[in-house]
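Novice: Contents of target38.txt (compact mmCIF, C-alpha atoms and all ligand atoms) are given next:
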# COMPACT_ATOMS: atom_id res chain seq x y z
CA MET A 116 87.94 112.49 91.26
CA ASN A 117 85.28 110.21 89.86
CA THR A 118 85.45 106.75 88.33
CA LYS A 119 85.60 108.05 84.76
CA GLU A 120 88.51 110.36 85.55
CA ALA A 121 90.33 107.57 87.38
CA LEU A 122 89.97 105.29 84.36
CA GLU A 123 91.32 107.99 82.08
CA LEU A 124 94.33 108.42 84.35
CA LEU A 125 94.85 104.67 84.43
CA LYS A 126 94.77 104.49 80.63
CA GLN A 127 97.50 107.13 80.47
CA LYS A 128 99.81 105.18 82.78
CA ALA A 129 99.01 101.52 82.17
CA LYS A 130 100.63 100.15 79.05
CA THR A 131 99.75 96.52 79.65
CA ASP A 132 96.48 94.77 79.31
CA TYR A 133 97.27 92.97 82.58
CA LEU A 134 97.43 96.19 84.58
CA MET A 135 94.25 97.57 83.02
CA ARG A 136 92.30 94.44 83.89
CA HIS A 137 93.82 93.97 87.34
CA SER A 138 93.07 97.60 88.24
CA GLN A 139 89.51 97.52 86.93
CA ALA A 140 88.83 94.25 88.74
CA THR A 141 90.11 95.78 91.96
CA GLY A 142 87.83 98.78 91.40
CA ALA A 143 84.85 96.50 90.87
CA ILE A 144 85.49 94.58 94.10
CA MET A 145 86.06 97.78 96.05
CA LYS A 146 82.73 99.14 94.83
CA ALA A 147 80.99 96.01 96.09
CA LEU A 148 82.82 96.14 99.41
CA ALA A 149 81.84 99.79 99.85
CA ALA A 150 78.21 98.82 99.32
CA ARG A 151 78.58 96.01 101.87
CA PHE A 152 79.89 98.40 104.51
CA GLY A 153 77.91 101.53 103.67
CA GLU A 154 81.07 103.32 102.56
CA ASP A 155 81.48 105.64 99.57
CA PRO A 156 81.32 103.42 96.45
CA GLU A 157 82.86 105.98 94.13
CA LEU A 158 85.78 106.73 96.41
CA TRP A 159 86.50 103.04 96.99
CA THR A 160 86.19 102.30 93.25
CA VAL A 161 88.63 105.08 92.41
CA ALA A 162 91.16 103.79 94.95
CA GLY A 163 90.87 100.32 93.43
CA ILE A 164 91.41 101.62 89.92
CA LEU A 165 94.40 103.74 90.90
CA HIS A 166 96.15 101.54 93.46
CA ASP A 167 98.84 100.29 91.04
CA LEU A 168 99.03 103.41 88.88
CA ASP A 169 102.83 103.57 89.04
CA LEU A 170 103.50 99.83 88.90
CA GLU A 171 104.97 99.78 85.41
CA GLU A 172 107.48 102.44 86.47
CA THR A 173 108.29 100.99 89.88
CA LYS A 174 108.12 97.22 89.36
CA ASP A 175 111.91 96.90 89.58
CA ASN A 176 112.09 99.21 92.55
CA LEU A 177 109.19 98.27 94.80
CA GLU A 178 110.18 100.61 97.63
CA GLN A 179 108.92 103.35 95.32
CA HIS A 180 105.70 101.52 94.43
CA THR A 181 102.68 103.66 95.48
CA LEU A 182 104.93 106.56 96.55
CA LEU A 183 105.16 107.76 92.97
CA THR A 184 101.38 107.39 92.70
CA LYS A 185 101.06 109.45 95.86
CA GLU A 186 103.12 112.23 94.25
CA TRP A 187 100.90 112.21 91.17
CA LEU A 188 97.65 112.09 93.15
CA LYS A 189 98.44 114.84 95.59
CA GLU A 190 97.87 117.25 92.71
CA THR A 191 94.28 116.00 92.49
CA ASP A 192 91.25 116.27 94.76
CA LEU A 193 91.49 112.64 95.86
CA PRO A 194 90.99 112.49 99.64
CA GLU A 195 93.91 111.55 101.87
CA GLU A 196 92.18 108.39 103.09
CA ALA A 197 92.27 106.98 99.55
CA ILE A 198 95.94 107.86 99.09
CA GLN A 199 96.66 106.23 102.45
CA ALA A 200 94.85 103.03 101.42
CA ILE A 201 96.85 102.95 98.18
CA CYS A 202 100.20 103.37 100.00
CA ALA A 203 99.22 100.84 102.66
CA HIS A 204 98.57 98.15 100.05
CA ASN A 205 102.36 98.12 99.64
CA GLU A 206 102.98 98.14 103.40
CA GLU A 207 105.74 95.53 103.15
CA TYR A 208 107.90 97.91 101.13
CA THR A 209 106.74 101.40 102.07
CA GLY A 210 106.22 100.84 105.79
CA CYS A 211 102.90 102.68 105.40
CA LYS A 212 100.74 100.70 107.84
CA ARG A 213 97.25 99.41 107.19
CA VAL A 214 94.93 100.90 109.77
CA SER A 215 91.43 101.53 108.45
CA ARG A 216 88.76 99.33 106.94
CA PHE A 217 89.51 101.07 103.65
CA ASP A 218 93.19 100.04 103.90
CA PHE A 219 92.48 96.38 104.63
CA ALA A 220 89.72 96.20 102.01
CA LEU A 221 91.99 97.48 99.25
CA SER A 222 94.84 95.11 100.12
CA ALA A 223 92.54 92.09 100.21
CA ALA A 224 90.65 93.12 97.06
CA GLU A 225 93.69 93.67 94.88
CA ALA A 226 95.18 90.34 95.96
CA VAL A 227 92.07 88.28 95.33
CA THR A 228 91.69 89.47 91.72
CA GLY A 229 94.64 87.30 90.68
CA LEU A 230 93.15 84.19 92.20
CA VAL A 231 89.77 84.79 90.55
CA PHE A 232 91.29 85.42 87.11
CA ALA A 233 93.48 82.32 87.44
CA SER A 234 90.49 80.24 88.58
CA ALA A 235 88.61 81.25 85.41
CA LEU A 236 91.51 80.42 83.13
CA VAL A 237 91.66 76.76 84.17
CA LEU A 238 87.96 76.18 83.46
CA PRO A 239 86.87 74.64 80.13
CA ASP A 240 85.21 77.87 78.95
CA LYS A 241 87.74 80.14 80.73
CA LYS A 242 84.85 82.43 81.73
CA LEU A 243 84.50 84.44 84.91
CA ALA A 244 80.81 83.56 84.83
CA SER A 245 81.70 79.93 85.50
CA VAL A 246 83.87 80.62 88.55
CA LYS A 247 82.50 79.38 91.87
CA PRO A 248 83.44 81.32 95.02
CA LYS A 249 84.04 78.08 96.92
CA SER A 250 86.51 76.87 94.29
CA VAL A 251 88.46 80.11 94.59
CA LYS A 252 88.54 79.67 98.34
CA LYS A 253 90.02 76.18 97.94
CA ARG A 254 92.76 77.63 95.76
CA ILE A 255 94.05 79.63 98.71
CA LYS A 256 95.52 76.46 100.15
CA GLU A 257 96.97 75.28 96.83
CA LYS A 258 100.24 77.12 96.99
CA ALA A 259 101.41 76.01 93.55
CA PHE A 260 98.29 77.46 91.93
CA ALA A 261 98.77 81.09 90.84
CA LYS A 262 101.77 81.10 93.13
CA ASN A 263 102.43 84.83 92.81
CA VAL A 264 99.11 85.65 94.47
CA ASP A 265 99.70 86.72 98.06
CA ARG A 266 97.40 84.55 100.18
CA GLY A 267 98.20 86.54 103.32
CA SER A 268 96.75 89.68 101.76
CA ILE A 269 93.57 87.87 100.74
CA LEU A 270 93.10 86.75 104.33
CA LEU A 271 93.18 90.38 105.46
CA CYS A 272 89.45 90.29 104.70
CA GLU A 273 89.09 88.84 108.19
CA LYS A 274 90.44 92.10 109.61
CA ILE A 275 87.28 93.80 108.34
CA ASP A 276 85.06 91.10 109.78
CA LEU A 277 84.36 89.32 106.53
CA THR A 278 84.67 85.57 106.44
CA VAL A 279 86.70 84.23 103.55
CA ASP A 280 83.45 82.74 102.20
CA GLU A 281 81.64 86.05 102.14
CA PHE A 282 84.67 87.86 100.75
CA MET A 283 84.88 85.33 97.91
CA GLU A 284 81.14 85.66 97.21
CA ILE A 285 81.42 89.44 96.97
CA SER A 286 84.64 89.41 94.94
CA VAL A 287 83.63 86.79 92.40
CA LYS A 288 80.23 88.41 91.83
CA ALA A 289 81.79 91.86 91.45
CA MET A 290 84.19 90.58 88.80
CA GLN A 291 81.47 88.61 87.04
CA ASP A 292 79.33 91.73 86.82
CA GLU A 293 82.22 93.48 85.05
CA ALA A 294 83.19 90.50 82.87
CA HIS A 295 82.48 92.53 79.73
CA VAL A 296 85.45 94.76 80.50
CA LEU A 297 87.63 92.25 82.35
CA GLU A 298 87.65 89.50 79.72
CA VAL A 299 89.60 89.95 76.51
FE FE B 301 97.59 95.54 92.54
For the structure just supplied, provide its representation as structure tokens.
Ligand SMILES: [Fe+2]
Specialist:
Amino acid sequence: MNTKEALELLKQKAKTDYLMRHSQATGAIMKALAARFGEDPELWTVAGILHDLDLEETKDNLEQHTLLTKEWLKETDLPEEAIQAICAHNEEYTGCKRVSRFDFALSAAEAVTGLVFASALVLPDKKLASVKPKSVKKRIKEKAFAKNVDRGSILLCEKIDLTVDEFMEISVKAMQDEAHVLEV
């Protein structure tokens, strides 16, 4: 499966603007992380785009979140390692453990998107282009700010030997580069 096909699948399943933007932002960060580590950019992008594919159907039943996606994706040519990373991003509910760099990268990437979007929204121009990585880092400690964002998952970047500073640099830049699709 390539990025274009993943986006088409996402459009079929995602009814909300929130899920479209969150998923595309995650894909953008995963692409940048793949480049950082010499991994497969397309595969990592696709996993980012598809990681919450079933969320609108499972949001009230989070034990099923990612397992439904797994059912849908096993009919495709998506490699097992990507399906594993998707399931492991919901480790708390599915019990599917994070093991690989791919798994930790996806969990950290999808969590940080919320903090970056929220950091843009409180700026005067509300633009991703104006977001500073260091400001996003500071927001990690401000628990009342974007309080639904899971700080623990963001800090999983350290499990793949990225400092929080470098992870923020990569994530903010990746989302800024895709601002034309992430901003409405
Ligand atoms: Fe997500």
Novice: Between atom CA of Pro239 of chain A and atom CA of Ala294 of chain A, what is the distance, to one decimal in Å?
Specialist: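 Between atom CA of Pro239 of chain A and atom CA of Ala294 of chain A the gap is 16.5 Å.
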Novice: From the set A:Lys252, A:Ser245, A:Glu225, A:Glu281, which residue has the shortest atom-to-atom contact distance to Asp265 of chain A, counting all atoms listed in the file?
Specialist: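 The answer is A:Glu225, which sits nearest to Asp265 of chain A.
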Novice: Could you state the separation of atom CA of Val227 of chain A and atom CA of Ile269 of chain A in Å, given to one decimal place?
Specialist: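 These two atoms are separated by 5.6 Å.
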Novice: One decimal, Å: what's the distance from atom CA of Val264 of chain A over to atom CA of Ser234 of chain A, could you say?
Specialist: 11.8 Å
Novice: Kindly assemble as a Markdown table a list of the segment 206-244 of chain A residues that lie within 9 Å of segment 159-168 of chain A, each paired with its nearest atom pair and their distance in Å to one decimal, using all atoms listed in the file, sorted first by chain and then by ascending residue number.
Specialist:
| residue | atom | partner | partner_atom | distance |
| --- | --- | --- | --- | --- |
| A:Phe217 | CA | A:Trp159 | CA | 7.6 |
| A:Leu221 | CA | A:Gly163 | CA | 6.6 |
| A:Ala224 | CA | A:Gly163 | CA | 8.1 |
| A:Glu225 | CA | A:Gly163 | CA | 7.4 |
Novice: Restricting the calculation to all atoms listed in the file: of A:Glu190, A:Asp155, A:Glu171, A:Glu273, which residue gets closest to Ala223 of chain A?
Specialist: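 Smallest distance to Ala223 of chain A is found for A:Glu273.
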Novice: Excluding same-chain residues fewer than 2 positions from Ala200 of chain A, what lies within 10 Å of it counting only C-alpha atoms, as a PDB file with C-alpha atoms, keeping the file's coordinate frame?
Specialist:
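Saved as part.pdb:
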ATOM      1  CA  TRP A 159      86.500 103.040  96.990  1.00  0.00           C
ATOM      2  CA  ALA A 162      91.160 103.790  94.950  1.00  0.00           C
ATOM      3  CA  GLY A 163      90.870 100.320  93.430  1.00  0.00           C
ATOM      4  CA  HIS A 166      96.150 101.540  93.460  1.00  0.00           C
ATOM      5  CA  THR A 181     102.680 103.660  95.480  1.00  0.00           C
ATOM      6  CA  GLU A 195      93.910 111.550 101.870  1.00  0.00           C
ATOM      7  CA  GLU A 196      92.180 108.390 103.090  1.00  0.00           C
ATOM      8  CA  ALA A 197      92.270 106.980  99.550  1.00  0.00           C
ATOM      9  CA  ILE A 198      95.940 107.860  99.090  1.00  0.00           C
ATOM     10  CA  CYS A 202     100.200 103.370 100.000  1.00  0.00           C
ATOM     11  CA  ALA A 203      99.220 100.840 102.660  1.00  0.00           C
ATOM     12  CA  HIS A 204      98.570  98.150 100.050  1.00  0.00           C
ATOM     13  CA  ASN A 205     102.360  98.120  99.640  1.00  0.00           C
ATOM     14  CA  GLU A 206     102.980  98.140 103.400  1.00  0.00           C
ATOM     15  CA  CYS A 211     102.900 102.680 105.400  1.00  0.00           C
ATOM     16  CA  LYS A 212     100.740 100.700 107.840  1.00  0.00           C
ATOM     17  CA  ARG A 213      97.250  99.410 107.190  1.00  0.00           C
ATOM     18  CA  VAL A 214      94.930 100.900 109.770  1.00  0.00           C
ATOM     19  CA  SER A 215      91.430 101.530 108.450  1.00  0.00           C
ATOM     20  CA  ARG A 216      88.760  99.330 106.940  1.00  0.00           C
ATOM     21  CA  PHE A 217      89.510 101.070 103.650  1.00  0.00           C
ATOM     22  CA  ASP A 218      93.190 100.040 103.900  1.00  0.00           C
ATOM     23  CA  PHE A 219      92.480  96.380 104.630  1.00  0.00           C
ATOM     24  CA  ALA A 220      89.720  96.200 102.010  1.00  0.00           C
ATOM     25  CA  LEU A 221      91.990  97.480  99.250  1.00  0.00           C
ATOM     26  CA  SER A 222      94.840  95.110 100.120  1.00  0.00           C
TER      27      SER A 222
END
Novice: Mind checking which residues fall within 10 Å of Asn263 of chain A, counting all atoms listed in the file, ignoring those fewer than 4 positions away in the same chain, and posting them as JSON, numbers by chain?
Specialist: {"A": [226, 229, 230, 258, 259]}
Novice: Please provide the set of residues having any atom within 8 Å of Arg136 of chain A, restricted to only C-alpha atoms, with same-chain residues fewer than 6 positions apart removed, written as a PyMOL selection string.
Specialist: chain A and resi 296-298
Novice: Those residues you just picked out, can you put them in a file as an mmCIF file, in the coordinates of the input with C-alpha atoms?
Specialist:
data_model
loop_
_atom_site.group_PDB
_atom_site.id
_atom_site.type_symbol
_atom_site.label_atom_id
_atom_site.label_comp_id
_atom_site.auth_asym_id
_atom_site.auth_seq_id
_atom_site.Cartn_x
_atom_site.Cartn_y
_atom_site.Cartn_z
ATOM 1 C CA VAL A 296 85.450 94.760 80.500
ATOM 2 C CA LEU A 297 87.630 92.250 82.350
ATOM 3 C CA GLU A 298 87.650 89.500 79.720
#
Novice: Report as a list in words all protein, DNA and RNA residues lying within 9 Å of Pro248 of chain A, evaluated on all atoms listed in the file, omitting residues in the same chain fewer than 6 positions from it.
Specialist: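 That gives Val231, Asp280, Glu281, Phe282, Met283, Glu284, Ile285, Ser286, Val287 and Lys288 of chain A.
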Novice: Using only C-alpha atoms, find the one residue out of A:Ala261, A:Tyr133, A:Ala121, A:Val279 that sits nearest to Lys249 of chain A.
Specialist: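 Checking each candidate against Lys249 of chain A, we get A:Val279 as the closest.
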Novice: Considering only C-alpha atoms, state which residue in the set A:Ile201, A:Gly267, A:Asp292, A:Thr278 is at the smallest distance from Ala244 of chain A.
Specialist: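 For Ala244 of chain A, the nearest of the candidates is A:Asp292.
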Novice: Between A:Gln179, A:Thr191, A:Thr173, A:Ser138, single out the one closest to ligand FE 301 (chain B), counting all atoms listed in the file.
Specialist: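 Under the stated criterion, the closest residue is A:Ser138.
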Novice: Just checking: using only C-alpha atoms, which residue out of A:Gln139, A:Glu157, A:Pro194, A:Leu170 ends up closest to Asn117 of chain A?
Specialist: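 Ranking A:Gln139, A:Glu157, A:Pro194, A:Leu170 by distance to Asn117 of chain A, first place goes to A:Glu157.
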